Amino acid sequence: MADNIYLPYLATIEKITQEAPGVKTFRLKFKDEEVARSFEFKAGQFGEYSAFGEGECTFCIASSPTRKGYIECTFREAGKVTSALARLEEGQTMGFRGPYGNTFPMDEWKGKSLLFIAGGIALPPMRCVIWNALDTRSSYKDINILYGAKSVADLVYKHELKEWEERTDVNLLTTVDPGGETPEWKGQVGFVPAVLEKMNPASENTIAVVCGPPVMIKFTFPVLDKLGFKPENIYTTLENRMKCGVGKCGRCNVGSKYVCKDGPVFSRAQLEALPAEY
Amino acid sequence: MEQKYIPSKYMPPKYIPKSSLKAWLAKVKDDGRHIYAPVTENGKTNFKRVKSVDEISMEHIQTAQSAKGAVFPRTEKLFSYAGGQQGDVALQDYNPNDIPDTVVFGLHPCDAAAFKSLSGIFSWGAKDRPFDERMKRVTLVGVSCGRSDVFCFCTSVGGHPGSAEGSDILLTAVGNDGYLVEIITDRGQALVEKGADLFEAAAAGVSKEEHLASVPVRFSVEEVQRKMAGSFEDDIWKKQSARCIGCGACAFVCPACACFDIQENAKGNGAGDRIRCWDSCGFSLFTLHTSGHNPRSVQSQRWRQRLLHKLCYMPDRLSVRGCTGCGRCSRACPVDMNLAEHLKEFERLKV
Ligand SMILES: Cc1cc2nc3c(=O)[nH]c(=O)nc-3n(C[C@H](O)[C@H](O)[C@H](O)COP(=O)(O)OP(=O)(O)OC[C@H]3O[C@@H](n4cnc5c(N)ncnc54)[C@H](O)[C@@H]3O)c2cc1C
Ligand code: SF4
Ligand code: FES
């Protein structure tokens with residue numbers, strides 16, 4: 001692969017987890033022992049995943065770089081390639097090329113508190129950072145997570161949510177949209193921005209990471225403003241349509257910035273300097 | 001007008017009589033090289049692989065398609081796969097040995113310069129092996145322009161009808177009988193050596209300038225770029241593109257457009273090729289998300305992307321411009337949009 005950037009690594013699907021209706025997590029192990037041993041990436045990066053015969057699509061790497069020997073992706077069945085991937089079974093083969101893109105500046109965040117705000121299927125890019133932070137827990141102060149989904153059934157990583165709930169060194173708040181709750185639901189009911197306001201997290205010496213559908217982000221930013229978060233302390237990721245992943249095919253740019261090379265991680269301060277082309 | 005010779009260790013220029021040109025090309029071709037050259041068929045001139053050098057025609061002002069396909073083919077295999085998903089998928093890497101040594105003969109300075117634009121895009125960061133392997137094997141024999149038309153504007157975007165930028169060899173017809181031969185690179189010199197005896201020393205004092213087309217400078221590109229960069233929200237994009245139908249012809253004929261799609265060419269039984277093919281930022285599907293959201297949902301946004309990419313983003317990020325003023329997009333446009341005119345409108349903009 002070193003030579004031809006378009007040639008994927010072959011990977012075996014070791015484990016499939018059905019997270020929610022239409023949402024699966026694949027654990028992938030590279031077939032080539034040398035690649036499996038030497039593959040490295042950082043939180044925030046993404047890859048191009050191949051279903052041979054159908055094509056490629058773009059997912060973030062949802063596992064943490066601290067967990068070696070495999071990578072994971074979590075994806076929603078949305079169209080042609082994601083449907084083909086969803087038909088694959090454990091033990092079968094798919095392709096991966098990457099890692100691509102920039103990373104969350106986790107080294108710069110050392111000594112600070114972290115606030116994660118995620119909506120719907122946008123937890124995967126954040127799960128990578130969350131586990132990265134939890135696996136290097138002493139580097140960070142308080143860790144707060146606010147995660148919302150349409151309904152209880154739509155919450156992904158249910159087993160991990162439980163684990164985070166039980167841990168004393170992380171504070172998790174889950175919420176579902178009004179009407180999405182079940183009789184047994186013990187979490188919050190309400191949209192993420194409203195629950196965030198109620199949660200009222202401290203902004204001092206804190207980094208906020210926000211990932212979710214555009215409408216959630218749009219209404220969450222003003223709440224963060226009110227709470228005193230500065231634009232340079234708020235991070236998010238962009239998901240423009242991609243093909244090459246390496247700055248050549250010409251479709252992912254926002255102004256002169258390429259989401260595949262300059263992103264996908266942007267601070268809100270960086271976003272504000274870009275034209276509204278995402 | 002100043003002489004536009006690129007300093008080369010192969011100075012001074014040589015001369016080849018017209019009567020010897022085809023003999024030289026025949027020698028080059030007998031070496032196993034593929035020759036792509038302008039061929040006129042049904043009134044249209046385009047770059048084609050020639051079987052005999054007699055097919056080459058030199059009467060055109062501009063070919064309909066550019067020569068970029070020599071290094072960036074319309075569709076190209078990136079690798080092959082076989083075996084389906086059943087655990088035994090086998091990949092066959094891109095094989096550069098399939099690529100022949102190639103000479104592109106008779107491309108004008110705007111087209112040769114566009115190879116620099118393409119190189120800028122494909123060598124940004126990660127190396128693009130398919131492109132690099134083709135570039136390694138191609139020699140560009142440019143021919144200066146003795147004639148131009150109203151669509152040409154190379155001189156407005158840093159070019160010149162006699163510019164050697166991008167060419168390995170540049171020929172300029174001096175009179176009716178022969179060509180001045182500027183050898184720019186080692187690759188060019190190697191090609192000349194295939195028929196060294198056919199070349200003569202150029203007569204003392206011979207100048208190519210008087211034999212070149214005169215292409216007036218239409219606007220200051222620095223001024224256009226400066227104003228364009230500050231006009232993202234201006235109405236000008238809507239006004240200019242009101243009649244654009246998003247056909248993408250401009251991108252397909254452009255020597256400097258390199259946007260591509262990656263697709264599967266499935267051949268059944270779990271086997272097939274991963275290919276890339278030309279695409280266009282003018283198409284509405286180009287940036288469409290699977291969710292239905294589209295960051296460039298209307299044509300004026302796509303027109304803006306085309307121009308900003310070529311005249312602001314590329315110079316800014318890659319230090320090359322994405323337009324060499326060949327005028328093809330204006331000649332090909334079914335609704336008569338004229339790029340040079342539109343660029344000129346930016347010069348008048350108050351920013
Ligand atoms: C940085 C990044 C990270 C992402 N991370 C995740 C993640 O972690 N999890 C997740 O679920 N999603 C993620 N996404 C979104 C994900 O990439 C898309 O949902 C996915 O690519 C959809 O692929 P598809 O083939 O199923 O969709 P389709 O829409 O069917 O696309 C299939 C292919 O055909 C092309 N195409 C589509 N429609 C047409 C048409 N009408 N004509 C011609 N061609 C067409 C598309 O360009 C595509 O290549 C991410 C996206 C980005 C950019
Ligand atoms: S943008 Fe138009 S004039 Fe400029 S190089 Fe491309 S086709 Fe030629
Ligand atoms: S995905 Fe191709 S340029 Fe960014």
# chains A, B, ... in the order shown; residues from 1 in each chain; ligands from 1
>>> residues_near_ligand(ligand="ligand 1", cutoff="6 Å", atoms="only C-alpha atoms and all ligand atoms", output="list in words")
Phe46, Cys57, Thr58, Phe59, Cys60, Thr74, Phe75, Arg76, Ala78, Gly79, Lys80, Val81, Thr82, Ser83, Pro124, Glu239, Asn240, Arg241, Met242 and Pro264 of chain A; Thr290 of chain B
>>> interface_residues(of="chain B", to="chain A", cutoff="8 Å", atoms="only C-alpha atoms", output="NGL selection string")
:B and (78-79 or 81 or 84-89 or 93-94 or 121-122 or 124-130 or 232 or 258-266 or 270-272 or 274 or 281 or 286-291 or 294-296 or 309 or 312-313 or 316-317)
>>> write_last_selection(atoms="C-alpha atoms", output="short mmCIF file (atom, residue, chain, number, x, y, z; two decimals), in the first residue's frame")
data_model
loop_
_atom_site.label_atom_id
_atom_site.label_comp_id
_atom_site.auth_asym_id
_atom_site.auth_seq_id
_atom_site.Cartn_x
_atom_site.Cartn_y
_atom_site.Cartn_z
CA LEU B 78 -6.43 1.78 -9.79
CA PHE B 79 -6.25 -1.94 -8.91
CA TYR B 81 -9.93 -7.44 -6.95
CA GLY B 84 -15.68 -11.86 -3.50
CA GLN B 85 -15.95 -11.30 0.23
CA GLN B 86 -15.65 -14.92 1.31
CA GLY B 87 -12.36 -14.47 3.09
CA ASP B 88 -10.24 -15.04 0.03
CA VAL B 89 -10.29 -11.64 -1.64
CA ASP B 93 -1.99 -3.77 -7.54
CA TYR B 94 -1.81 -1.15 -10.25
CA ILE B 121 -2.88 18.70 -7.69
CA PHE B 122 -1.60 15.13 -7.91
CA TRP B 124 -0.01 17.55 -3.05
CA GLY B 125 0.93 15.42 -0.04
CA ALA B 126 0.48 11.71 -0.70
CA LYS B 127 1.97 10.54 -3.97
CA ASP B 128 -0.47 9.51 -6.68
CA ARG B 129 1.17 6.51 -8.27
CA PRO B 130 -0.98 6.17 -11.41
CA PHE B 232 -17.54 34.79 -1.78
CA ALA B 258 -8.49 17.04 -12.37
CA CYS B 259 -11.52 16.31 -10.17
CA PHE B 260 -12.37 12.64 -10.25
CA ASP B 261 -14.75 10.01 -8.96
CA ILE B 262 -13.77 6.57 -7.70
CA GLN B 263 -16.09 3.80 -8.83
CA GLU B 264 -16.35 0.04 -9.05
CA ASN B 265 -16.22 -1.67 -12.43
CA ALA B 266 -17.65 -4.99 -11.26
CA GLY B 270 -16.75 -11.14 -7.08
CA ALA B 271 -14.13 -9.77 -9.46
CA GLY B 272 -13.64 -6.35 -10.93
CA ARG B 274 -11.55 -0.14 -8.84
CA CYS B 281 -17.62 20.22 -9.68
CA PHE B 286 -20.62 15.96 -6.89
CA THR B 287 -20.97 17.02 -3.26
CA LEU B 288 -24.36 15.50 -2.40
CA HIS B 289 -24.37 13.81 1.00
CA THR B 290 -26.19 10.51 1.38
CA SER B 291 -28.53 12.30 3.81
CA ASN B 294 -25.75 19.33 -0.31
CA PRO B 295 -23.16 21.98 0.62
CA ARG B 296 -23.28 23.27 -2.97
CA HIS B 309 -10.57 26.64 -7.04
CA CYS B 312 -7.60 31.34 -5.59
CA TYR B 313 -7.42 27.96 -3.84
CA ASP B 316 -2.91 29.61 -2.45
CA ARG B 317 -2.43 25.93 -1.58
#
>>> residues_near_ligand(ligand="ligand 2", cutoff="9 Å", atoms="only C-alpha atoms and all ligand atoms", output="PyMOL selection string")
chain B and resi 66+110-111+114+151-154+157+250-257+306-307+310+322-332+338-340
>>> write_last_selection(atoms="N, CA and C atoms", output="compact mmCIF listing (two decimals), in the first residue's frame")
# COMPACT_ATOMS: atom_id res chain seq x y z
N SER B 66 -8.38 18.44 -24.56
CA SER B 66 -6.98 18.73 -24.28
C SER B 66 -6.18 17.44 -24.33
N CYS B 110 -0.46 26.52 -23.80
CA CYS B 110 -1.47 26.50 -22.73
C CYS B 110 -1.66 25.08 -22.21
N ASP B 111 -1.64 24.10 -23.11
CA ASP B 111 -1.83 22.71 -22.71
C ASP B 111 -0.61 22.16 -21.98
N ALA B 114 -0.58 23.37 -18.56
CA ALA B 114 -1.60 22.74 -17.72
C ALA B 114 -1.08 21.46 -17.07
N PHE B 151 -11.32 33.35 -28.24
CA PHE B 151 -11.47 32.67 -26.95
C PHE B 151 -10.15 32.55 -26.19
N CYS B 152 -9.03 32.70 -26.90
CA CYS B 152 -7.71 32.52 -26.28
C CYS B 152 -7.40 33.66 -25.32
N PHE B 153 -6.88 33.33 -24.13
CA PHE B 153 -6.43 34.41 -23.23
C PHE B 153 -5.23 33.99 -22.37
N CYS B 154 -4.34 33.19 -22.96
CA CYS B 154 -3.18 32.71 -22.20
C CYS B 154 -2.37 33.85 -21.59
N VAL B 157 -3.28 35.01 -18.11
CA VAL B 157 -3.08 34.14 -16.94
C VAL B 157 -1.64 33.62 -16.89
N CYS B 250 -17.30 22.05 -19.52
CA CYS B 250 -16.11 22.88 -19.28
C CYS B 250 -15.02 22.08 -18.57
N ALA B 251 -15.42 21.24 -17.61
CA ALA B 251 -14.43 20.48 -16.85
C ALA B 251 -13.82 19.38 -17.72
N PHE B 252 -14.64 18.79 -18.59
CA PHE B 252 -14.14 17.68 -19.39
C PHE B 252 -13.16 18.14 -20.46
N VAL B 253 -13.37 19.34 -21.01
CA VAL B 253 -12.44 19.82 -22.04
C VAL B 253 -11.23 20.54 -21.43
N CYS B 254 -11.31 20.89 -20.15
CA CYS B 254 -10.25 21.70 -19.52
C CYS B 254 -8.96 20.90 -19.33
N PRO B 255 -7.82 21.45 -19.77
CA PRO B 255 -6.55 20.74 -19.59
C PRO B 255 -6.08 20.72 -18.14
N ALA B 256 -6.68 21.56 -17.28
CA ALA B 256 -6.19 21.68 -15.91
C ALA B 256 -7.19 21.17 -14.88
N CYS B 257 -8.35 20.70 -15.31
CA CYS B 257 -9.34 20.14 -14.37
C CYS B 257 -8.96 18.70 -14.05
N ARG B 306 -15.79 26.41 -9.02
CA ARG B 306 -14.93 26.20 -10.18
C ARG B 306 -13.90 27.33 -10.31
N LEU B 307 -14.38 28.57 -10.22
CA LEU B 307 -13.48 29.71 -10.42
C LEU B 307 -12.55 29.92 -9.23
N LYS B 310 -9.73 27.35 -9.22
CA LYS B 310 -8.69 27.56 -10.21
C LYS B 310 -7.85 28.80 -9.94
N GLY B 322 -5.09 27.11 -11.83
CA GLY B 322 -5.85 26.02 -12.47
C GLY B 322 -6.44 26.42 -13.81
N CYS B 323 -5.96 27.51 -14.39
CA CYS B 323 -6.41 27.92 -15.72
C CYS B 323 -5.23 28.45 -16.49
N THR B 324 -5.09 28.00 -17.74
CA THR B 324 -3.98 28.46 -18.56
C THR B 324 -4.46 29.25 -19.78
N GLY B 325 -5.76 29.55 -19.79
CA GLY B 325 -6.29 30.44 -20.82
C GLY B 325 -6.45 29.83 -22.20
N CYS B 326 -6.66 28.52 -22.25
CA CYS B 326 -6.78 27.85 -23.56
C CYS B 326 -8.09 28.19 -24.25
N GLY B 327 -9.09 28.63 -23.45
CA GLY B 327 -10.37 29.04 -24.02
C GLY B 327 -11.33 27.91 -24.37
N ARG B 328 -10.93 26.65 -24.09
CA ARG B 328 -11.79 25.52 -24.48
C ARG B 328 -13.16 25.56 -23.82
N CYS B 329 -13.20 25.93 -22.53
CA CYS B 329 -14.48 25.91 -21.82
C CYS B 329 -15.46 26.86 -22.50
N SER B 330 -14.96 28.00 -22.97
CA SER B 330 -15.83 28.97 -23.63
C SER B 330 -16.27 28.46 -25.00
N ARG B 331 -15.37 27.81 -25.71
CA ARG B 331 -15.74 27.26 -27.03
C ARG B 331 -16.77 26.14 -26.86
N ALA B 332 -16.65 25.36 -25.78
CA ALA B 332 -17.51 24.18 -25.62
C ALA B 332 -18.84 24.50 -24.96
N ASN B 338 -18.56 32.81 -21.33
CA ASN B 338 -17.21 33.09 -21.79
C ASN B 338 -16.32 33.41 -20.59
N LEU B 339 -15.39 32.51 -20.30
CA LEU B 339 -14.62 32.63 -19.07
C LEU B 339 -13.83 33.93 -19.00
N ALA B 340 -13.17 34.29 -20.10
CA ALA B 340 -12.35 35.51 -20.08
C ALA B 340 -13.22 36.72 -19.76
>>> atom_distance(atom1="atom CA of A:Thr206", atom2="atom CA of A:Ile130")
14.5 Å
>>> residues_around(residues="A:Arg167", least_positions_apart="4", cutoff="12 Å", atoms="only C-alpha atoms", output="ChimeraX atom specification")
/A:134,137,143-144,160-163,171-172
>>> write_last_selection(atoms="N, CA, C and O atoms", output="PDB file, in the first residue's frame")
ATOM      1  N   LEU A 134     -10.079   8.176  28.555  1.00  0.00           N
ATOM      2  CA  LEU A 134     -10.270   7.303  29.723  1.00  0.00           C
ATOM      3  C   LEU A 134      -9.067   6.376  29.919  1.00  0.00           C
ATOM      4  O   LEU A 134      -8.700   6.049  31.047  1.00  0.00           O
ATOM      5  N   ARG A 137      -6.382   8.415  31.693  1.00  0.00           N
ATOM      6  CA  ARG A 137      -7.268   9.204  32.536  1.00  0.00           C
ATOM      7  C   ARG A 137      -6.554  10.296  33.328  1.00  0.00           C
ATOM      8  O   ARG A 137      -7.071  11.403  33.513  1.00  0.00           O
ATOM      9  N   ILE A 143     -14.209  14.616  33.337  1.00  0.00           N
ATOM     10  CA  ILE A 143     -14.716  14.208  32.031  1.00  0.00           C
ATOM     11  C   ILE A 143     -16.233  14.071  32.113  1.00  0.00           C
ATOM     12  O   ILE A 143     -16.761  13.271  32.894  1.00  0.00           O
ATOM     13  N   ASN A 144     -16.935  14.900  31.341  1.00  0.00           N
ATOM     14  CA  ASN A 144     -18.390  14.873  31.296  1.00  0.00           C
ATOM     15  C   ASN A 144     -18.849  14.500  29.894  1.00  0.00           C
ATOM     16  O   ASN A 144     -18.294  14.996  28.908  1.00  0.00           O
ATOM     17  N   GLU A 160     -21.318   0.126  26.512  1.00  0.00           N
ATOM     18  CA  GLU A 160     -20.292   1.066  26.979  1.00  0.00           C
ATOM     19  C   GLU A 160     -20.909   2.221  27.757  1.00  0.00           C
ATOM     20  O   GLU A 160     -20.314   2.730  28.703  1.00  0.00           O
ATOM     21  N   LEU A 161     -22.112   2.612  27.366  1.00  0.00           N
ATOM     22  CA  LEU A 161     -22.809   3.662  28.118  1.00  0.00           C
ATOM     23  C   LEU A 161     -22.967   3.206  29.567  1.00  0.00           C
ATOM     24  O   LEU A 161     -22.784   3.973  30.510  1.00  0.00           O
ATOM     25  N   LYS A 162     -23.305   1.915  29.707  1.00  0.00           N
ATOM     26  CA  LYS A 162     -23.492   1.351  31.037  1.00  0.00           C
ATOM     27  C   LYS A 162     -22.180   1.405  31.830  1.00  0.00           C
ATOM     28  O   LYS A 162     -22.150   1.796  32.993  1.00  0.00           O
ATOM     29  N   GLU A 163     -21.105   1.047  31.133  1.00  0.00           N
ATOM     30  CA  GLU A 163     -19.787   1.061  31.771  1.00  0.00           C
ATOM     31  C   GLU A 163     -19.408   2.473  32.221  1.00  0.00           C
ATOM     32  O   GLU A 163     -18.911   2.675  33.331  1.00  0.00           O
ATOM     33  N   ASN A 171     -18.575  11.326  34.183  1.00  0.00           N
ATOM     34  CA  ASN A 171     -19.974  11.639  34.457  1.00  0.00           C
ATOM     35  C   ASN A 171     -20.758  11.614  33.145  1.00  0.00           C
ATOM     36  O   ASN A 171     -20.490  12.399  32.229  1.00  0.00           O
ATOM     37  N   LEU A 172     -21.696  10.655  33.021  1.00  0.00           N
ATOM     38  CA  LEU A 172     -22.455  10.500  31.775  1.00  0.00           C
ATOM     39  C   LEU A 172     -23.905  10.905  31.964  1.00  0.00           C
ATOM     40  O   LEU A 172     -24.559  10.515  32.934  1.00  0.00           O
TER      41      LEU A 172
END
>>> select_by_dssp(residues="stretch 98-190 of chain B", states="helix (DSSP H, G or I)", output="MDAnalysis selection string")
chainID B and resid 98 109:122 129:136 154:157 186:190
>>> select_by_dssp(residues="stretch 45-134 of chain A", states="strand (DSSP E)", output="NGL selection string")
:A and (46-51 or 55-60 or 71-76 or 93-100 or 113-119)
>>> residues_around(residues="B:Ser163", least_positions_apart="4", cutoff="12 Å", atoms="only C-alpha atoms", output="ChimeraX atom specification")
/B:2-7,107-113,142-145,154-155,158-159,167-172,182,184,208-209,212-213,324
>>> atom_distance(atom1="atom CA of B:Asn97", atom2="atom CA of B:Thr139")
17.0 Å
>>> closest_residue(among="B:Asp279, B:Arg74, B:Val53, B:His342", to="ligand 3", atoms="only C-alpha atoms and all ligand atoms")
B:Asp279
>>> residues_around(residues="stretch 61-63 of chain A", least_positions_apart="4", cutoff="9 Å", atoms="only C-alpha atoms", output="VMD selection string")
chain A and resid 25 27 41 to 47 67 70 to 74 99 123 to 129 131 to 132
>>> atom_distance(atom1="atom CA of A:Leu114", atom2="atom CA of A:Leu271")
19.9 Å
